[in-house]
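Below: the structure, in structure tokens.
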Amino acid sequence: MKILVIGSGGREHALAWKLAQSERIQMVYVAPGNGGTAQDGRLENLPLTDPAALLQFALDEHIALTVVGPEIPLAAGIVNLFRDKGLKIFGPTKEAAQLESSKDFAKTFMHRHGIPSAQSQTFSSSIDAHAFIDAQGAPIVIKADGLAAGKGVVVALNLAEAHAAVDMMLSDNKLGDAGARVVIEEFLSGEEASFIVMVDGKNILPLATSQDHKRLLDNDAGPNTGGMGAYSPAPIVTPELHARVMREIIVPTVQGMARDGIVFTGFLYAGLMIDDHGNPKTLEFNCRMGDPETQPIMARLKTDLVGVMEHAVNGTLDAVELEWDRRTALGVVMAAAGYPDTPRKGDVISGIPAETPECVTFHAGTALVDGQLTVAGGRVLCVVGLGDSVKMAQRQAYQALDQIHFDGAQFRRDIGWRALKRHG
Ligand code: AMP
Ligand code: GLY
């Protein structure tokens with residue numbers, strides 16, 4: 001059987017790596033892939049990103065199943081395109097992907113269905129937005145309505161920052177159409193966790209829990225990034241909290257979408273804020289897996305992912321029981337010099353250790369140029385360690401990371417600190 005994975009990040013490398021472990025696989029194509037997927041003999045990179053070209057390839061090569069990694073092709077309707085031609089593809093339709101591609105859609109949806117999230121209002125007039133901010137006070141959160149590659153959320157600690165964010169999005173159009181409307185919402189405090197499930201339209205299959213680290217520097221300092229590291233499981237998500245998130249957030253979301261006439265299929269990722277009393281609220285929805293959360297989650301998955309995906313596209317996820325490695329998996333991202341604003345490309349990468357049962361390195365922004373592995377994007381690698389405790393997983397990851405070199409590499413030394421505080 002041939003499978004196609006769309007995307008080029010660490011998330012897609014991890015998904016393709018896991019799919020390729022299935023005995024039923026003839027080939028896993030990754031489009032466009034990266035330097036790591038290029039080096040793996042069980043994977044083949046395809047230099048395609050255009051949806052029509054991907055569709056033609058899938059038809060010509062009789063691709064049995066396509067898995068979509070990033071949000072952009074989903075929001076552009078690649079699932080609609082493939083399904084119209086009778087192809088099996090796992091992901092949400094363009095309509096369902098609005099849960100991620102429009103913050104206003106997501107907020108209106110959550111308010112209508114009573115799903116816990118921050119209070120909010122949406123504005124397209126900067127005058128009204130400024131007046132609302134003055135009336136509410138700070139801290140306050142300003143979000144561009146559309147997809148903005150991680151640059152669309154400003155957590156404003158004072159009024160000046162809040163007004164500047166509105167000016168940047170609504171008056172100066174710095175984010176283009178994505179910032180033509182803004183959602184202004186209540187600031188929530190607490191601890192974040194990533195809650196990711198698979199949905200086949202009706203049945204919901206939760207994946208292992210995880211937590212990522214959004215800030216660039218140790219002690220959660222510095223600018224927000226796509227994620228500098230993640231681990232699974234997330235000890236903050238106790239069995240009680242897990243049940244509550246399913247009951248109050250995930251099930252009402254899947255049922256609410258169906259009631260609104262938009263059947264949700266694909267990965268559904270609720271970004272949670274859990275307050276000091278253990279009450280969860282939804283910060284955002286993503287309609288895809290997280291990056292870098294996918295890397296430790298896939299490192300722990302024991303069940304054959306191909307079989308799971310088949311159930312997902314056939315509407316029979318209720319027949320699946322996932323088996324997880326009991327160990328903790330902890331992934332540390334190595335990013336390029338200049339990340340997140342102006343990542344430098346071209347630095348030569350050396351020293352990546354061979355995969356072992358305790359450690360695997362997933363590639364993201366890497367390219368194989370004349371046989372040499374070089375930096376080709378902001379987040380370069382995610383080094384995942386596995387161990388019986390968070391501490392041991394952390395040690396495995398950093399032992400491997402310390403062997404890897406490229407000029408200007410940026411990484412955090414404290415990935416997993418919240419879990420260590422709880423469990424050690
Ligand atoms: P989002 O893309 O909506 O998840 O926002 C990106 C990040 O901004 C989140 O991971 C949080 O760290 C932060 N954030 C978003 N919304 C809020 C909020 N209402 N209160 C506090 N922090 C927030
Ligand atoms: N790690 C956060 C995300 O994938 O959106």
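Chain identifiers are assigned as A, B, and so on, following the order in which chains appear in the structure tokens; residues are numbered from 1 within each chain, and ligands are numbered from 1 in order of appearance.
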
Using only C-alpha atoms and all ligand atoms, find each residue with an atom at most 6 Å away from ligand 1 and format the answer as a PyMOL selection string.
chain A and resi 118+141+153+155+185-189+271+283-284

Run DSSP on the backbone and tell me which residues of range 104-343 of chain A come out as helix (DSSP H, G or I); list them as number ranges by chain.
A: 104-112, 126-136, 159-171, 176-179, 218-220, 239-259, 294-300, 305-314, 317-319

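Of the residues listed (A:Gly190, A:Pro235, A:Gly331, A:Gly377), A:Gly331 shows the shortest atom-to-atom separation from ligand 2; distances use only C-alpha atoms and all ligand atoms.
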
Site check for ligand 2: residues at most 7 Å away, only C-alpha atoms and all ligand atoms, as a list in words
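Within the 7 Å cut-off, the matching residues are Asp212, Gly226, Gly227, Asn286, Met289, Gly290, Asp291, Pro292 and Glu293 of chain A.
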
Could the residues in this selection be saved with N, CA and C atoms as a compact mmCIF listing (two decimals), in the first residue's frame?
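Generated output (part_36.txt):
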# COMPACT_ATOMS: atom_id res chain seq x y z
N ASP A 212 3.56 21.67 25.19
CA ASP A 212 4.70 22.22 24.47
C ASP A 212 5.22 23.47 25.18
N GLY A 226 6.88 28.72 17.22
CA GLY A 226 5.99 27.62 16.89
C GLY A 226 6.02 26.52 17.95
N GLY A 227 7.06 26.52 18.79
CA GLY A 227 7.20 25.49 19.82
C GLY A 227 8.65 25.06 19.89
N ASN A 286 -6.94 23.80 16.77
CA ASN A 286 -6.22 23.55 15.53
C ASN A 286 -6.88 22.33 14.91
N MET A 289 -2.47 18.05 13.72
CA MET A 289 -1.66 17.72 14.90
C MET A 289 -0.75 18.89 15.24
N GLY A 290 -0.25 18.89 16.45
CA GLY A 290 0.66 19.95 16.88
C GLY A 290 2.08 19.64 16.43
N ASP A 291 2.86 20.70 16.29
CA ASP A 291 4.28 20.55 16.01
C ASP A 291 4.98 21.45 17.02
N PRO A 292 5.73 20.93 17.98
CA PRO A 292 6.38 19.62 18.03
C PRO A 292 5.66 18.53 18.84
N GLU A 293 4.40 18.69 19.24
CA GLU A 293 3.77 17.64 20.05
C GLU A 293 3.76 16.28 19.35

Which is closest to Glu240 in chain A among A:Pro357, A:Pro280, A:Gly365, A:Gly152, if we use only C-alpha atoms?
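Closest to Glu240 in chain A of all the choices is A:Pro280.
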
Write down as number ranges by chain the residues belonging to range 232-339 of chain A that are assigned strand (DSSP E) by DSSP computed on the backbone.
A: 232, 265-274, 280-286, 328-335

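Atom pair CA of Asn158 in chain A / CA of Gly114 in chain A has a distance of 29.3 Å (rounded to one decimal).
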
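Of the listed residues (A:Val182, A:Ala131, A:Ala376, A:Val245), A:Val182 comes nearest to Asp145 in chain A; the distances count only C-alpha atoms.
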
Report, in Å with one decimal, the straight-line distance from CA of Gly351 in chain A to CA of Val390 in chain A.
24.4 Å

For a test of reading the model, state the distance in Å between CA of Ile349 in chain A and CA of His213 in chain A, rounded to one decimal.
23.6 Å

Please provide as a ChimeraX atom specification all residues within 7 Å of Tyr29 in chain A, with the sequence filter that same-chain residues fewer than 4 positions apart are discarded (counting only C-alpha atoms).
/A:3-5,43-46

For the residues in that selection, give me N, CA and C atoms as a tab-separated table (two decimals), in the first residue's frame.
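Contents of out_39.tsv, as written:
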chain	number	residue	atom	x	y	z
A	3	ILE	N	1.22	5.38	0.68
A	3	ILE	CA	0.61	6.45	1.48
A	3	ILE	C	1.30	7.76	1.15
A	4	LEU	N	0.54	8.84	1.22
A	4	LEU	CA	1.09	10.18	0.96
A	4	LEU	C	0.92	11.03	2.22
A	5	VAL	N	2.01	11.63	2.67
A	5	VAL	CA	1.95	12.58	3.78
A	5	VAL	C	2.26	13.96	3.21
A	43	LEU	N	11.11	6.14	2.97
A	43	LEU	CA	10.32	7.31	2.60
A	43	LEU	C	10.85	7.88	1.29
A	44	GLU	N	9.97	8.55	0.56
A	44	GLU	CA	10.43	9.21	-0.67
A	44	GLU	C	9.85	10.61	-0.74
A	45	ASN	N	10.71	11.59	-0.93
A	45	ASN	CA	10.23	12.97	-1.05
A	45	ASN	C	9.67	13.22	-2.44
A	46	LEU	N	8.62	14.03	-2.46
A	46	LEU	CA	7.99	14.44	-3.72
A	46	LEU	C	8.04	15.95	-3.77

Out of A:Ile352, A:Val30, A:Val166, A:Met1, which residue has the shortest atom-to-atom distance to His62 in chain A when counting only C-alpha atoms?
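Looking at the shortest contact to His62 in chain A, the residue is A:Met1.
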
Using only C-alpha atoms, which protein or nucleic acid residues come within 6 Å of Gln211 in chain A? Drop anything in the same chain fewer than 5 positions from it, and give the result as a list in words.
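Within the cut-off, the hits are Ala193, Ser194, Ala230, Tyr231 and Ala234 of chain A.
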
Selected residues written out, C-alpha atoms, as a compact mmCIF listing (two decimals), in the first residue's frame:
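Written out: part-v9.txt:
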# COMPACT_ATOMS: atom_id res chain seq x y z
CA ALA A 193 -1.79 21.71 27.64
CA SER A 194 -2.38 20.25 24.19
CA ALA A 230 7.22 19.10 23.91
CA TYR A 231 6.66 15.99 25.94
CA ALA A 234 1.40 15.79 30.29

For range 168-174 of chain A, list every protein, DNA or RNA residue within 10 Å, evaluated using only C-alpha atoms, and leave out those in the same chain fewer than 2 positions away; present the list as a list in words.
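What passes the distance filter is Phe123, Ser124, Ser125, Ser126, Ile127, Ala129, Ile142, Lys143, Ala144, Asp145, Gly152, Ala162, His163, Ala164, Ala165, Val166, Gly176, Asp177, Ala178, Gly179, Ala180, Arg181 and Val182 of chain A.
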
Between A:Ala75, A:Val369, A:Val308, A:Leu330, smallest distance to Gly387 in chain A by only C-alpha atoms belongs to A:Leu330

Spatial neighbours of Thr66 in chain A, max dist 9 Å, only C-alpha atoms, sep filter under 5 positions, as a PyMOL selection string
chain A and resi 3-6+58+82+87-91

Would you output that residue set with all heavy atoms, as an mmCIF file, in the first residue's frame?
data_model
loop_
_atom_site.group_PDB
_atom_site.id
_atom_site.type_symbol
_atom_site.label_atom_id
_atom_site.label_comp_id
_atom_site.auth_asym_id
_atom_site.auth_seq_id
_atom_site.Cartn_x
_atom_site.Cartn_y
_atom_site.Cartn_z
ATOM 1 N N ILE A 3 1.219 5.380 0.683
ATOM 2 C CA ILE A 3 0.608 6.450 1.483
ATOM 3 C C ILE A 3 1.303 7.764 1.152
ATOM 4 O O ILE A 3 2.513 7.789 0.860
ATOM 5 C CB ILE A 3 0.724 6.108 2.987
ATOM 6 C CG1 ILE A 3 -0.162 4.903 3.292
ATOM 7 C CG2 ILE A 3 0.369 7.284 3.858
ATOM 8 C CD1 ILE A 3 -0.497 4.706 4.731
ATOM 9 N N LEU A 4 0.535 8.845 1.217
ATOM 10 C CA LEU A 4 1.086 10.179 0.961
ATOM 11 C C LEU A 4 0.917 11.032 2.222
ATOM 12 O O LEU A 4 -0.181 11.093 2.788
ATOM 13 C CB LEU A 4 0.334 10.819 -0.213
ATOM 14 C CG LEU A 4 0.601 12.286 -0.529
ATOM 15 C CD1 LEU A 4 2.061 12.527 -0.901
ATOM 16 C CD2 LEU A 4 -0.312 12.741 -1.694
ATOM 17 N N VAL A 5 2.006 11.635 2.666
ATOM 18 C CA VAL A 5 1.951 12.583 3.784
ATOM 19 C C VAL A 5 2.262 13.964 3.208
ATOM 20 O O VAL A 5 3.282 14.145 2.539
ATOM 21 C CB VAL A 5 2.981 12.223 4.883
ATOM 22 C CG1 VAL A 5 3.001 13.287 5.977
ATOM 23 C CG2 VAL A 5 2.670 10.850 5.487
ATOM 24 N N ILE A 6 1.389 14.925 3.475
ATOM 25 C CA ILE A 6 1.594 16.273 2.931
ATOM 26 C C ILE A 6 2.194 17.162 4.007
ATOM 27 O O ILE A 6 1.637 17.284 5.112
ATOM 28 C CB ILE A 6 0.266 16.843 2.396
ATOM 29 C CG1 ILE A 6 -0.190 16.000 1.202
ATOM 30 C CG2 ILE A 6 0.419 18.324 1.997
ATOM 31 C CD1 ILE A 6 -1.526 16.399 0.633
ATOM 32 N N ALA A 58 -1.692 11.463 -6.634
ATOM 33 C CA ALA A 58 -2.415 10.452 -5.845
ATOM 34 C C ALA A 58 -3.255 9.557 -6.751
ATOM 35 O O ALA A 58 -3.346 8.343 -6.537
ATOM 36 C CB ALA A 58 -3.285 11.134 -4.797
ATOM 37 N N PHE A 82 -9.628 16.054 -2.830
ATOM 38 C CA PHE A 82 -9.329 14.621 -2.915
ATOM 39 C C PHE A 82 -10.612 13.790 -2.823
ATOM 40 O O PHE A 82 -10.797 12.837 -3.561
ATOM 41 C CB PHE A 82 -8.353 14.208 -1.795
ATOM 42 C CG PHE A 82 -6.901 14.388 -2.144
ATOM 43 C CD1 PHE A 82 -6.413 15.608 -2.601
ATOM 44 C CD2 PHE A 82 -5.987 13.345 -1.996
ATOM 45 C CE1 PHE A 82 -5.062 15.780 -2.911
ATOM 46 C CE2 PHE A 82 -4.630 13.497 -2.303
ATOM 47 C CZ PHE A 82 -4.174 14.722 -2.757
ATOM 48 N N LEU A 87 -10.897 9.825 -3.439
ATOM 49 C CA LEU A 87 -9.681 9.407 -2.724
ATOM 50 C C LEU A 87 -9.876 9.478 -1.215
ATOM 51 O O LEU A 87 -10.604 10.330 -0.707
ATOM 52 C CB LEU A 87 -8.507 10.312 -3.129
ATOM 53 C CG LEU A 87 -8.016 10.159 -4.568
ATOM 54 C CD1 LEU A 87 -7.012 11.257 -4.905
ATOM 55 C CD2 LEU A 87 -7.387 8.781 -4.770
ATOM 56 N N LYS A 88 -9.191 8.589 -0.501
ATOM 57 C CA LYS A 88 -9.236 8.584 0.972
ATOM 58 C C LYS A 88 -8.191 9.563 1.496
ATOM 59 O O LYS A 88 -7.007 9.448 1.154
ATOM 60 C CB LYS A 88 -8.911 7.185 1.504
ATOM 61 C CG LYS A 88 -9.856 6.103 1.019
ATOM 62 C CD LYS A 88 -11.031 5.953 1.951
ATOM 63 C CE LYS A 88 -11.836 4.710 1.607
ATOM 64 N NZ LYS A 88 -13.151 4.710 2.255
ATOM 65 N N ILE A 89 -8.621 10.483 2.322
ATOM 66 C CA ILE A 89 -7.708 11.481 2.882
ATOM 67 C C ILE A 89 -8.161 11.788 4.304
ATOM 68 O O ILE A 89 -9.369 11.890 4.562
ATOM 69 C CB ILE A 89 -7.664 12.750 1.991
ATOM 70 C CG1 ILE A 89 -6.664 13.793 2.520
ATOM 71 C CG2 ILE A 89 -9.039 13.363 1.799
ATOM 72 C CD1 ILE A 89 -6.325 14.881 1.506
ATOM 73 N N PHE A 90 -7.198 11.890 5.223
ATOM 74 C CA PHE A 90 -7.565 12.176 6.617
ATOM 75 C C PHE A 90 -7.264 13.637 6.928
ATOM 76 O O PHE A 90 -6.127 14.079 6.899
ATOM 77 C CB PHE A 90 -6.806 11.266 7.581
ATOM 78 C CG PHE A 90 -7.298 11.414 9.005
ATOM 79 C CD1 PHE A 90 -8.631 11.158 9.323
ATOM 80 C CD2 PHE A 90 -6.452 11.835 10.023
ATOM 81 C CE1 PHE A 90 -9.105 11.314 10.624
ATOM 82 C CE2 PHE A 90 -6.909 11.987 11.327
ATOM 83 C CZ PHE A 90 -8.242 11.721 11.620
ATOM 84 N N GLY A 91 -8.332 14.363 7.240
ATOM 85 C CA GLY A 91 -8.218 15.778 7.574
ATOM 86 C C GLY A 91 -9.601 16.387 7.499
ATOM 87 O O GLY A 91 -10.553 15.726 7.051
#

So that I can see what lies close to Gln26 in chain A, please list as a ChimeraX atom specification the residues with an atom at most 8 Å from it, counting only C-alpha atoms and leaving out residues fewer than 2 positions away in the same chain.
/A:1-2,24,28

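The closest residue to Arg326 in chain A, picked from A:Ala31, A:Leu216, A:Val360, A:Ala208 and counting only C-alpha atoms, is A:Ala208.
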
Closest-contact table, range 351-415 of chain A side, partner range 299-302 of chain A, 10 Å, counting only C-alpha atoms, as a tab-separated table:
residue	atom	partner	partner_atom	distance
A:Pro357	CA	A:Ala299	CA	9.5
A:Glu358	CA	A:Ala299	CA	9.5
A:Cys359	CA	A:Ala299	CA	8.8
A:Val360	CA	A:Ala299	CA	7.8
A:Val384	CA	A:Ala299	CA	7.6
A:Gly385	CA	A:Ala299	CA	8.8
A:Leu386	CA	A:Ala299	CA	8.0

Write the residues of the selection above to a file with N, CA, C and O atoms, as a PDB file, in the first residue's frame.
ATOM      1  N   PRO A 357      16.402   2.687  20.675  1.00  0.00           N
ATOM      2  CA  PRO A 357      15.094   2.594  21.344  1.00  0.00           C
ATOM      3  C   PRO A 357      14.858   3.740  22.331  1.00  0.00           C
ATOM      4  O   PRO A 357      13.731   3.982  22.745  1.00  0.00           O
ATOM      5  N   GLU A 358      15.908   4.462  22.689  1.00  0.00           N
ATOM      6  CA  GLU A 358      15.767   5.558  23.662  1.00  0.00           C
ATOM      7  C   GLU A 358      15.782   6.933  23.007  1.00  0.00           C
ATOM      8  O   GLU A 358      15.579   7.939  23.697  1.00  0.00           O
ATOM      9  N   CYS A 359      16.074   7.000  21.714  1.00  0.00           N
ATOM     10  CA  CYS A 359      16.228   8.334  21.124  1.00  0.00           C
ATOM     11  C   CYS A 359      16.019   8.321  19.613  1.00  0.00           C
ATOM     12  O   CYS A 359      16.529   7.448  18.915  1.00  0.00           O
ATOM     13  N   VAL A 360      15.260   9.302  19.130  1.00  0.00           N
ATOM     14  CA  VAL A 360      15.079   9.461  17.688  1.00  0.00           C
ATOM     15  C   VAL A 360      15.051  10.957  17.365  1.00  0.00           C
ATOM     16  O   VAL A 360      14.466  11.745  18.114  1.00  0.00           O
ATOM     17  N   VAL A 384      14.150  13.600  20.225  1.00  0.00           N
ATOM     18  CA  VAL A 384      13.216  13.002  21.190  1.00  0.00           C
ATOM     19  C   VAL A 384      13.918  11.915  22.000  1.00  0.00           C
ATOM     20  O   VAL A 384      14.483  10.974  21.427  1.00  0.00           O
ATOM     21  N   GLY A 385      13.896  12.042  23.320  1.00  0.00           N
ATOM     22  CA  GLY A 385      14.405  11.014  24.209  1.00  0.00           C
ATOM     23  C   GLY A 385      13.256  10.299  24.903  1.00  0.00           C
ATOM     24  O   GLY A 385      12.209  10.909  25.155  1.00  0.00           O
ATOM     25  N   LEU A 386      13.432   9.019  25.194  1.00  0.00           N
ATOM     26  CA  LEU A 386      12.407   8.258  25.931  1.00  0.00           C
ATOM     27  C   LEU A 386      13.026   7.703  27.201  1.00  0.00           C
ATOM     28  O   LEU A 386      14.173   7.245  27.188  1.00  0.00           O
TER      29      LEU A 386
END
